[in-house]
>>> print(open('query_0.pdb').read())   # PDB, C-alpha atoms
ATOM      1  CA  MET A 451      98.951 104.003  86.362
ATOM      2  CA  LEU A 452      98.025 106.539  88.949
ATOM      3  CA  LEU A 453      97.119 106.803  92.614
ATOM      4  CA  PHE A 454      93.981 108.763  93.528
ATOM      5  CA  ARG A 455      92.415 109.783  96.828
ATOM      6  CA  SER A 456      89.136 108.072  95.912
ATOM      7  CA  GLU A 457      86.959 106.808  93.064
ATOM      8  CA  ASP A 458      85.276 110.234  92.987
ATOM      9  CA  HIS A 459      88.634 111.819  92.220
ATOM     10  CA  VAL A 460      89.182 109.338  89.373
ATOM     11  CA  GLN A 461      85.848 110.293  87.841
ATOM     12  CA  ALA A 462      86.576 114.012  88.173
ATOM     13  CA  TRP A 463      90.022 113.560  86.646
ATOM     14  CA  LEU A 464      88.645 111.641  83.652
ATOM     15  CA  GLN A 465      86.491 114.629  82.646
ATOM     16  CA  GLY A 466      84.210 112.417  80.596
ATOM     17  CA  ARG A 467      86.936 110.305  78.999
ATOM     18  CA  ASP A 468      86.397 106.569  78.902
ATOM     19  CA  PRO A 469      87.643 105.075  82.174
ATOM     20  CA  GLY A 470      90.212 102.321  82.336
ATOM     21  CA  ALA A 471      90.165 100.126  85.417
ATOM     22  CA  THR A 472      90.124 101.175  89.077
ATOM     23  CA  ILE A 473      91.203  98.815  91.838
ATOM     24  CA  PRO A 474      91.617  99.220  95.610
ATOM     25  CA  ILE A 475      95.083 100.088  96.810
ATOM     26  CA  ALA A 476      95.282  96.842  98.786
ATOM     27  CA  LYS A 477      94.795  94.920  95.542
ATOM     28  CA  LEU A 478      97.581  96.948  93.937
ATOM     29  CA  ALA A 479      99.894  95.935  96.771
ATOM     30  CA  GLU A 480      99.090  92.258  96.107
ATOM     31  CA  LEU A 481      99.694  92.779  92.416
ATOM     32  CA  ALA A 482     103.049  94.465  93.016
ATOM     33  CA  GLU A 483     104.215  91.653  95.259
ATOM     34  CA  ALA A 484     103.323  88.991  92.709
ATOM     35  CA  TRP A 485     104.692  90.959  89.750
ATOM     36  CA  TRP A 486     107.948  92.322  91.182
ATOM     37  CA  GLY A 487     108.865  89.831  93.892
ATOM     38  CA  ASP A 488     111.600  88.064  91.923
ATOM     39  CA  ARG A 489     113.326  91.077  90.311
ATOM     40  CA  LEU A 490     116.529  90.777  92.328
ATOM     41  CA  ALA A 491     116.610  86.985  92.449
ATOM     42  CA  PRO A 492     120.017  85.682  91.260
ATOM     43  CA  ASP A 493     118.246  83.106  89.105
ATOM     44  CA  TRP A 494     115.760  85.604  87.673
ATOM     45  CA  GLN A 495     114.201  84.671  84.362
ATOM     46  CA  PRO A 496     111.893  86.883  82.315
ATOM     47  CA  HIS A 497     108.227  86.225  82.947
ATOM     48  CA  THR A 498     106.374  84.788  80.014
ATOM     49  CA  ARG A 499     103.159  86.392  78.897
ATOM     50  CA  GLU A 500     101.350  83.358  80.287
ATOM     51  CA  GLN A 501     102.995  83.750  83.700
ATOM     52  CA  ASN A 502     102.034  87.403  83.883
ATOM     53  CA  GLN A 503      98.499  86.684  82.731
ATOM     54  CA  ALA A 504      98.227  84.031  85.435
ATOM     55  CA  ILE A 505      99.162  86.633  88.059
ATOM     56  CA  LEU A 506      96.410  88.948  86.858
ATOM     57  CA  ASP A 507      93.895  86.120  86.678
ATOM     58  CA  ARG A 508      94.751  84.863  90.164
ATOM     59  CA  LEU A 509      94.085  88.317  91.582
ATOM     60  CA  GLY A 510      90.732  88.514  89.822
ATOM     61  CA  LEU A 511      91.945  91.045  87.260
ATOM     62  CA  THR A 512      90.130  89.436  84.390
ATOM     63  CA  GLY A 513      88.239  90.508  81.297
ATOM     64  CA  LEU A 514      89.354  92.117  78.077
ATOM     65  CA  PHE A 515      90.933  95.147  79.785
ATOM     66  CA  TRP A 516      93.400  92.960  81.679
ATOM     67  CA  ARG A 517      94.223  90.705  78.713
ATOM     68  CA  LEU A 518      97.956  91.127  77.928
ATOM     69  CA  GLY A 519      99.053  91.638  74.340
TER      70      GLY A 519
ATOM     71  CA  MET B 957     117.613  85.964  76.235
ATOM     72  CA  ASP B 958     120.972  84.232  76.530
ATOM     73  CA  HIS B 959     123.043  83.733  79.662
ATOM     74  CA  SER B 960     125.347  86.706  79.097
ATOM     75  CA  ASP B 961     122.435  89.093  78.608
ATOM     76  CA  LEU B 962     120.813  87.719  81.763
ATOM     77  CA  GLU B 963     124.041  88.376  83.646
ATOM     78  CA  ALA B 964     124.189  91.939  82.299
ATOM     79  CA  ARG B 965     120.582  92.440  83.336
ATOM     80  CA  ASN B 966     121.106  91.039  86.828
ATOM     81  CA  VAL B 967     124.238  93.100  87.407
ATOM     82  CA  THR B 968     122.473  96.226  86.139
ATOM     83  CA  TYR B 969     119.693  95.697  88.690
ATOM     84  CA  ARG B 970     122.070  94.823  91.492
ATOM     85  CA  ARG B 971     124.240  97.874  90.883
ATOM     86  CA  PHE B 972     121.139 100.084  90.651
ATOM     87  CA  VAL B 973     120.161  99.035  94.178
ATOM     88  CA  GLU B 974     123.724  99.293  95.501
ATOM     89  CA  LEU B 975     124.307 102.738  94.028
ATOM     90  CA  GLY B 976     120.836 104.186  94.505
ATOM     91  CA  ARG B 977     120.896 105.274  90.857
ATOM     92  CA  SER B 978     121.142 103.741  87.424
ATOM     93  CA  PRO B 979     124.603 102.351  86.693
ATOM     94  CA  THR B 980     126.569 103.428  83.647
ATOM     95  CA  ALA B 981     127.549 100.980  80.944
ATOM     96  CA  ASP B 982     131.154 101.360  82.149
ATOM     97  CA  GLU B 983     130.161 100.343  85.686
ATOM     98  CA  VAL B 984     128.249  97.286  84.495
ATOM     99  CA  GLY B 985     131.063  96.351  82.133
ATOM    100  CA  ALA B 986     133.615  96.549  84.940
ATOM    101  CA  ALA B 987     131.465  94.244  87.090
ATOM    102  CA  ILE B 988     131.136  91.535  84.467
ATOM    103  CA  GLY B 989     134.416  91.924  82.588
ATOM    104  CA  ALA B 990     132.876  93.233  79.381
ATOM    105  CA  ASP B 991     133.592  96.350  77.382
ATOM    106  CA  THR B 992     131.180  99.256  77.237
ATOM    107  CA  LYS B 993     130.198  98.608  73.641
ATOM    108  CA  TRP B 994     129.121  95.070  74.488
ATOM    109  CA  VAL B 995     127.122  96.236  77.526
ATOM    110  CA  ARG B 996     125.284  98.786  75.397
ATOM    111  CA  ALA B 997     124.451  96.138  72.812
ATOM    112  CA  SER B 998     123.239  93.830  75.568
ATOM    113  CA  TRP B 999     121.098  96.595  77.074
ATOM    114  CA  ARG B1000     119.553  97.119  73.625
ATOM    115  CA  ARG B1001     118.630  93.442  73.408
ATOM    116  CA  LEU B1002     117.178  93.603  76.932
ATOM    117  CA  HIS B1003     115.233  96.721  75.971
ATOM    118  CA  ASP B1004     113.795  94.923  72.959
ATOM    119  CA  ALA B1005     112.808  92.029  75.251
ATOM    120  CA  HIS B1006     111.094  94.483  77.700
ATOM    121  CA  ALA B1007     113.552  93.516  80.457
ATOM    122  CA  LEU B1008     114.522  97.186  80.941
ATOM    123  CA  VAL B1009     113.939 100.473  79.134
ATOM    124  CA  LEU B1010     116.579 102.690  77.512
ATOM    125  CA  ASP B1011     116.372 106.396  76.824
ATOM    126  CA  GLY B1012     117.183 108.060  73.523
ATOM    127  CA  ASN B1013     120.914 108.013  74.320
ATOM    128  CA  GLY B1014     120.975 104.304  75.069
ATOM    129  CA  ASP B1015     121.258 104.819  78.835
ATOM    130  CA  ILE B1016     118.995 103.181  81.416
ATOM    131  CA  ARG B1017     115.663 104.986  81.711
ATOM    132  CA  MET B1018     113.793 102.274  83.636
ATOM    133  CA  ALA B1019     114.954  99.168  85.411
ATOM    134  CA  ASN B1020     111.379  98.477  86.378
ATOM    135  CA  PRO B1021     110.169  99.201  88.978
ATOM    136  CA  PHE B1022     112.977 101.754  89.354
ATOM    137  CA  SER B1023     113.127 104.937  87.329
ATOM    138  CA  ALA B1024     116.505 106.444  86.515
ATOM    139  CA  VAL B1025     115.022 109.942  86.440
ATOM    140  CA  PRO B1026     112.785 111.863  88.867
ATOM    141  CA  THR B1027     109.083 111.135  88.512
ATOM    142  CA  ALA B1028     105.828 111.973  90.294
ATOM    143  CA  TYR B1029     106.333 108.878  92.480
ATOM    144  CA  ARG B1030     109.124 109.206  95.051
ATOM    145  CA  VAL B1031     109.670 106.289  97.354
ATOM    146  CA  ASP B1032     111.623 106.667 100.582
ATOM    147  CA  ALA B1033     113.017 103.295 101.588
ATOM    148  CA  ALA B1034     116.222 101.793 102.936
ATOM    149  CA  GLY B1035     117.428 105.270 103.893
ATOM    150  CA  ARG B1036     117.292 106.631 100.355
ATOM    151  CA  PRO B1037     114.890 108.301  97.947
ATOM    152  CA  TRP B1038     114.019 106.299  94.830
ATOM    153  CA  PHE B1039     111.800 107.114  91.909
ATOM    154  CA  ALA B1040     109.150 104.793  90.495
ATOM    155  CA  ASN B1041     107.678 104.855  87.010
ATOM    156  CA  CYS B1042     104.096 104.717  88.304
ATOM    157  CA  ALA B1043     102.044 103.815  91.369
ATOM    158  CA  TRP B1044     102.375 100.094  90.649
ATOM    159  CA  ASP B1045     106.137 100.431  90.470
ATOM    160  CA  ALA B1046     106.175 102.483  93.677
ATOM    161  CA  PHE B1047     104.821  99.460  95.542
ATOM    162  CA  GLY B1048     107.238  97.348  93.520
ATOM    163  CA  ILE B1049     110.217  99.219  94.961
ATOM    164  CA  ALA B1050     109.132  98.315  98.492
ATOM    165  CA  VAL B1051     108.761  94.705  97.337
ATOM    166  CA  VAL B1052     112.118  94.548  95.538
ATOM    167  CA  LEU B1053     114.008  96.158  98.412
ATOM    168  CA  GLY B1054     112.125  94.087 100.975
ATOM    169  CA  ARG B1055     111.726  97.177 103.131
ATOM    170  CA  ASP B1056     108.982  99.349 104.524
ATOM    171  CA  ALA B1057     108.559 102.527 102.520
ATOM    172  CA  VAL B1058     106.732 105.809 102.187
ATOM    173  CA  ILE B1059     105.357 106.687  98.761
ATOM    174  CA  HIS B1060     105.131 110.402  98.034
ATOM    175  CA  THR B1061     102.963 111.672  95.199
ATOM    176  CA  GLU B1062      99.885 113.825  94.697
ATOM    177  CA  CYS B1063      96.344 113.082  93.589
ATOM    178  CA  PRO B1064      96.244 113.756  89.813
ATOM    179  CA  ASP B1065      92.761 115.244  90.239
ATOM    180  CA  CYS B1066      93.093 117.675  93.138
ATOM    181  CA  ALA B1067      96.890 117.847  93.609
ATOM    182  CA  GLU B1068      96.494 117.037  97.298
ATOM    183  CA  PRO B1069      99.735 115.463  98.545
ATOM    184  CA  ILE B1070      99.631 111.724  99.195
ATOM    185  CA  ASP B1071     102.156 110.284 101.627
ATOM    186  CA  LEU B1072     101.413 106.602 101.844
ATOM    187  CA  SER B1073     103.217 104.347 104.293
ATOM    188  CA  VAL B1074     103.814 100.761 103.184
ATOM    189  CA  ARG B1075     104.475  98.289 105.985
ATOM    190  CA  ASP B1076     105.123  94.618 105.396
ATOM    191  CA  ARG B1077     104.307  95.282 101.719
ATOM    192  CA  LYS B1078     100.826  96.541 102.586
ATOM    193  CA  PRO B1079      99.440 100.099 102.479
ATOM    194  CA  VAL B1080      98.591 101.599 105.851
ATOM    195  CA  ASP B1081      95.872 103.833 104.354
ATOM    196  CA  THR B1082      93.555 101.592 102.339
ATOM    197  CA  SER B1083      91.154 104.337 101.254
ATOM    198  CA  LEU B1084      93.168 105.193  98.136
ATOM    199  CA  VAL B1085      92.482 103.726  94.696
ATOM    200  CA  PHE B1086      94.652 102.865  91.689
ATOM    201  CA  HIS B1087      93.540 103.690  88.164
ATOM    202  CA  VAL B1088      94.929 102.208  84.969
ATOM    203  CA  LEU B1089      93.853 104.124  81.877
ATOM    204  CA  VAL B1090      95.567 101.982  79.227
ATOM    205  CA  PRO B1091      94.364  98.404  78.561
ATOM    206  CA  ALA B1092      96.920  95.685  79.320
ATOM    207  CA  ALA B1093      97.327  94.751  75.666
ATOM    208  CA  GLU B1094      98.710  98.262  74.983
ATOM    209  CA  TRP B1095     100.989  98.734  78.002
ATOM    210  CA  TRP B1096     104.210  98.327  76.029
ATOM    211  CA  ALA B1097     103.067 100.363  73.013
ATOM    212  CA  ASP B1098     104.274 103.459  74.891
ATOM    213  CA  ILE B1099     105.607 102.339  78.256
ATOM    214  CA  GLY B1100     106.505 105.892  79.271
ATOM    215  CA  TYR B1101     102.877 106.981  78.878
ATOM    216  CA  THR B1102     101.516 103.795  80.439
TER     217      THR B1102
END
>>> encode(input="query_0.pdb", output="structure tokens")
Amino acid sequence: MLLFRSEDHVQAWLQGRDPGATIPIAKLAELAEAWWGDRLAPDWQPHTREQNQAILDRLGLTGLFWRLG
Amino acid sequence: MDHSDLEARNVTYRRFVELGRSPTADEVGAAIGADTKWVRASWRRLHDAHALVLDGNGDIRMANPFSAVPTAYRVDAAGRPWFANCAWDAFGIAVVLGRDAVIHTECPDCAEPIDLSVRDRKPVDTSLVFHVLVPAAEWWADIGYT
């Protein structure tokens, strides 16, 4: 889960390996807010798989690659 | 996850933020009135539930998004340096602390330094991209690699 200067740098770094998924940094910021926002809440409860999948789906991170195990 | 394990988890996170480092089992035990052996057993249950990650000695390795050890993602926020487990977690630290931050890392391709300001939970430089190599279904198979 790495930060790159651009998509071109991702491709160069892969050196022919199969790519995973690349998303804009602004989308990552949205994802982080949804995923981590409650970590220090006094009434924190563990996210269920379904809750986490809903976060990904809501942000348009869909398809087999983003399907949680 | 029962109530006592939730309390141990919440205190572990709270003390991590207060101390700026991972708390010891003694420190968590003192905060909740439990002995060290019980805290370590609780941490193991939380590890198994993916609520935190222990190292080989049974100490805290990750209280996600925080890393207990230095990583390639340093986050300056709230007047302290923190370490994140990955780029996603680096943003997560700004979210959890509720503070603006600067993420320091380098491009894995060219090694050019990246110093990314995060204001109001948003990146100032939006030209960067985030790459996930491992499919979501395999993230916890080796969370250190992920």
>>> residues_near_point(input="query_0.pdb", point="(97.0, 105.6, 88.0)", cutoff="8 Å", atoms="all atoms listed in the file", output="mmCIF file with C-alpha atoms, in the frame of the given file")
data_model
loop_
_atom_site.group_PDB
_atom_site.id
_atom_site.type_symbol
_atom_site.label_atom_id
_atom_site.label_comp_id
_atom_site.auth_asym_id
_atom_site.auth_seq_id
_atom_site.Cartn_x
_atom_site.Cartn_y
_atom_site.Cartn_z
ATOM 1 C CA MET A 451 98.951 104.003 86.362
ATOM 2 C CA LEU A 452 98.025 106.539 88.949
ATOM 3 C CA LEU A 453 97.119 106.803 92.614
ATOM 4 C CA PHE A 454 93.981 108.763 93.528
ATOM 5 C CA CYS B 1042 104.096 104.717 88.304
ATOM 6 C CA ALA B 1043 102.044 103.815 91.369
ATOM 7 C CA PHE B 1086 94.652 102.865 91.689
ATOM 8 C CA HIS B 1087 93.540 103.690 88.164
ATOM 9 C CA VAL B 1088 94.929 102.208 84.969
ATOM 10 C CA LEU B 1089 93.853 104.124 81.877
#
>>> closest_atom_pairs(input="query_0.pdb", of="chain B", to="chain A", cutoff="9 Å", atoms="all atoms listed in the file", output="CSV")
residue,atom,partner,partner_atom,distance
B:Met957,CA,A:Pro496,CA,8.4
B:Leu962,CA,A:Gln495,CA,7.7
B:Asn966,CA,A:Pro492,CA,7.0
B:Tyr969,CA,A:Leu490,CA,6.9
B:Arg970,CA,A:Leu490,CA,6.9
B:Ala1005,CA,A:Pro496,CA,8.8
B:His1006,CA,A:Pro496,CA,8.9
B:Ala1007,CA,A:Pro496,CA,7.1
B:Asn1020,CA,A:Trp486,CA,8.5
B:Pro1021,CA,A:Trp486,CA,7.6
B:Asn1041,CA,A:Met451,CA,8.8
B:Cys1042,CA,A:Met451,CA,5.5
B:Ala1043,CA,A:Leu452,CA,5.4
B:Trp1044,CA,A:Ala482,CA,6.1
B:Asp1045,CA,A:Ala482,CA,7.2
B:Ala1046,CA,A:Ala482,CA,8.6
B:Phe1047,CA,A:Ala482,CA,5.9
B:Gly1048,CA,A:Ala482,CA,5.1
B:Ile1049,CA,A:Trp486,CA,8.2
B:Ala1050,CA,A:Glu483,CA,8.9
B:Val1051,CA,A:Glu483,CA,5.9
B:Val1052,CA,A:Gly487,CA,6.0
B:Leu1053,CA,A:Leu490,CA,8.5
B:Gly1054,CA,A:Gly487,CA,8.9
B:Thr1061,CA,A:Leu453,CA,8.0
B:Glu1062,CA,A:Leu453,CA,7.8
B:Cys1063,CA,A:Phe454,CA,4.9
B:Pro1064,CA,A:Phe454,CA,6.6
B:Asp1065,CA,A:Trp463,CA,4.8
B:Cys1066,CA,A:His459,CA,7.4
B:Glu1068,CA,A:Arg455,CA,8.3
B:Ile1070,CA,A:Arg455,CA,7.8
B:Val1074,CA,A:Ala479,CA,8.9
B:Arg1077,CA,A:Ala479,CA,6.7
B:Lys1078,CA,A:Ala479,CA,5.9
B:Pro1079,CA,A:Ala476,CA,6.4
B:Asp1081,CA,A:Ile475,CA,8.5
B:Thr1082,CA,A:Ile475,CA,5.9
B:Ser1083,CA,A:Ser456,CA,6.8
B:Leu1084,CA,A:Arg455,CA,4.8
B:Val1085,CA,A:Pro474,CA,4.7
B:Phe1086,CA,A:Leu453,CA,4.7
B:His1087,CA,A:Thr472,CA,4.3
B:Val1088,CA,A:Met451,CA,4.6
B:Leu1089,CA,A:Gly470,CA,4.1
B:Val1090,CA,A:Gly470,CA,6.2
B:Pro1091,CA,A:Phe515,CA,4.9
B:Ala1092,CA,A:Leu518,CA,4.9
B:Ala1093,CA,A:Gly519,CA,3.8
B:Glu1094,CA,A:Gly519,CA,6.7
B:Trp1095,CA,A:Leu518,CA,8.2
B:Trp1096,CA,A:Gly519,CA,8.6
B:Tyr1101,CA,A:Met451,CA,9.0
B:Thr1102,CA,A:Met451,CA,6.5
>>> atom_distance(input="query_0.pdb", atom1="atom CA of Phe1039 of chain B", atom2="atom CA of His1060 of chain B")
9.6 Å
>>> atom_distance(input="query_0.pdb", atom1="atom CA of Asp961 of chain B", atom2="atom CA of Asp991 of chain B")
13.4 Å
>>> axis_aligned_box(input="query_0.pdb", around="segment 484-498 of chain A", padding_each_side="3 Å", output="AutoDock Vina command-line options")
--center_x 111.7 --center_y 87.7 --center_z 87.0 --size_x 22.7 --size_y 15.2 --size_z 19.9
>>> resolve_selection(input="query_0.pdb", expression="the PyMOL selection byres ((chain B and resi 1010) around 12)", output="ChimeraX atom specification")
/B:978,980-981,996-1009,1011-1020,1023-1025,1099-1100
>>> atom_distance(input="query_0.pdb", atom1="atom CA of Ile988 of chain B", atom2="atom CA of Arg1055 of chain B")
27.5 Å
>>> resolve_selection(input="query_0.pdb", expression="the PyMOL selection byres ((chain B and resi 1057) around 7)", output="MDAnalysis selection string")
chainID B and resid 1031:1033 1050 1055:1056 1058:1059 1073:1075
>>> write_last_selection(input="query_0.pdb", atoms="C-alpha atoms", output="compact mmCIF listing (two decimals), in the coordinates of the input")
# COMPACT_ATOMS: atom_id res chain seq x y z
CA VAL B 1031 109.67 106.29 97.35
CA ASP B 1032 111.62 106.67 100.58
CA ALA B 1033 113.02 103.30 101.59
CA ALA B 1050 109.13 98.32 98.49
CA ARG B 1055 111.73 97.18 103.13
CA ASP B 1056 108.98 99.35 104.52
CA VAL B 1058 106.73 105.81 102.19
CA ILE B 1059 105.36 106.69 98.76
CA SER B 1073 103.22 104.35 104.29
CA VAL B 1074 103.81 100.76 103.18
CA ARG B 1075 104.48 98.29 105.98
>>> closest_residue(input="query_0.pdb", among="B:Glu983, B:Asp1076, B:Asp958, B:Glu974", to="Trp1038 of chain B", atoms="all atoms listed in the file")
B:Glu974
>>> decode(input="query_0.pdb", residues="segment 475-506 of chain A", atoms="N, CA and C atoms", output="compact mmCIF listing (two decimals), in the first residue's frame")
# COMPACT_ATOMS: atom_id res chain seq x y z
N ILE A 475 -4.87 10.04 -4.95
CA ILE A 475 -4.60 10.28 -3.54
C ILE A 475 -5.81 10.89 -2.83
N ALA A 476 -6.60 11.66 -3.54
CA ALA A 476 -7.80 12.24 -2.91
C ALA A 476 -8.79 11.14 -2.51
N LYS A 477 -8.85 10.10 -3.33
CA LYS A 477 -9.73 8.96 -2.99
C LYS A 477 -9.20 8.22 -1.76
N LEU A 478 -7.88 8.10 -1.69
CA LEU A 478 -7.28 7.47 -0.50
C LEU A 478 -7.64 8.24 0.76
N ALA A 479 -7.62 9.56 0.67
CA ALA A 479 -7.96 10.37 1.85
C ALA A 479 -9.41 10.10 2.28
N GLU A 480 -10.31 9.98 1.32
CA GLU A 480 -11.71 9.65 1.64
C GLU A 480 -11.81 8.28 2.29
N LEU A 481 -11.05 7.34 1.74
CA LEU A 481 -11.06 5.98 2.27
C LEU A 481 -10.54 5.95 3.71
N ALA A 482 -9.46 6.68 3.95
CA ALA A 482 -8.88 6.71 5.31
C ALA A 482 -9.88 7.29 6.30
N GLU A 483 -10.56 8.33 5.90
CA GLU A 483 -11.51 8.96 6.82
C GLU A 483 -12.65 8.00 7.18
N ALA A 484 -13.15 7.30 6.17
CA ALA A 484 -14.25 6.36 6.43
C ALA A 484 -13.78 5.15 7.23
N TRP A 485 -12.56 4.71 6.97
CA TRP A 485 -12.05 3.47 7.57
C TRP A 485 -11.58 3.67 9.00
N TRP A 486 -10.90 4.81 9.24
CA TRP A 486 -10.23 5.02 10.53
C TRP A 486 -10.93 5.99 11.46
N GLY A 487 -12.00 6.62 11.00
CA GLY A 487 -12.58 7.73 11.73
C GLY A 487 -13.03 7.43 13.14
N ASP A 488 -13.34 6.18 13.44
CA ASP A 488 -13.88 5.84 14.77
C ASP A 488 -12.87 5.16 15.68
N ARG A 489 -11.60 5.13 15.31
CA ARG A 489 -10.62 4.31 16.06
C ARG A 489 -10.45 4.72 17.51
N LEU A 490 -10.62 5.99 17.82
CA LEU A 490 -10.45 6.43 19.21
C LEU A 490 -11.80 6.68 19.89
N ALA A 491 -12.88 6.31 19.25
CA ALA A 491 -14.19 6.52 19.87
C ALA A 491 -14.31 5.66 21.12
N PRO A 492 -14.81 6.22 22.22
CA PRO A 492 -14.94 5.43 23.47
C PRO A 492 -15.85 4.22 23.31
N ASP A 493 -16.80 4.32 22.40
CA ASP A 493 -17.73 3.20 22.18
C ASP A 493 -17.36 2.40 20.93
N TRP A 494 -16.07 2.41 20.60
CA TRP A 494 -15.62 1.71 19.39
C TRP A 494 -16.03 0.23 19.42
N GLN A 495 -16.46 -0.24 18.29
CA GLN A 495 -16.74 -1.66 18.09
C GLN A 495 -16.03 -2.09 16.82
N PRO A 496 -15.55 -3.33 16.76
CA PRO A 496 -14.88 -3.76 15.54
C PRO A 496 -15.83 -3.71 14.35
N HIS A 497 -15.30 -3.25 13.23
CA HIS A 497 -16.10 -3.26 12.00
C HIS A 497 -16.34 -4.70 11.57
N THR A 498 -17.52 -4.96 11.10
CA THR A 498 -17.76 -6.26 10.48
C THR A 498 -17.22 -6.22 9.05
N ARG A 499 -17.07 -7.40 8.49
CA ARG A 499 -16.66 -7.47 7.09
C ARG A 499 -17.65 -6.70 6.22
N GLU A 500 -18.93 -6.82 6.53
CA GLU A 500 -19.95 -6.16 5.73
C GLU A 500 -19.84 -4.64 5.83
N GLN A 501 -19.53 -4.14 7.03
CA GLN A 501 -19.36 -2.69 7.19
C GLN A 501 -18.17 -2.20 6.36
N ASN A 502 -17.08 -2.93 6.43
CA ASN A 502 -15.90 -2.51 5.67
C ASN A 502 -16.14 -2.61 4.17
N GLN A 503 -16.84 -3.66 3.76
CA GLN A 503 -17.13 -3.79 2.33
C GLN A 503 -18.03 -2.63 1.86
N ALA A 504 -18.94 -2.22 2.73
CA ALA A 504 -19.83 -1.11 2.38
C ALA A 504 -19.04 0.17 2.19
N ILE A 505 -18.00 0.37 3.00
CA ILE A 505 -17.15 1.56 2.82
C ILE A 505 -16.50 1.53 1.45
N LEU A 506 -15.93 0.40 1.10
CA LEU A 506 -15.27 0.29 -0.21
C LEU A 506 -16.28 0.51 -1.34
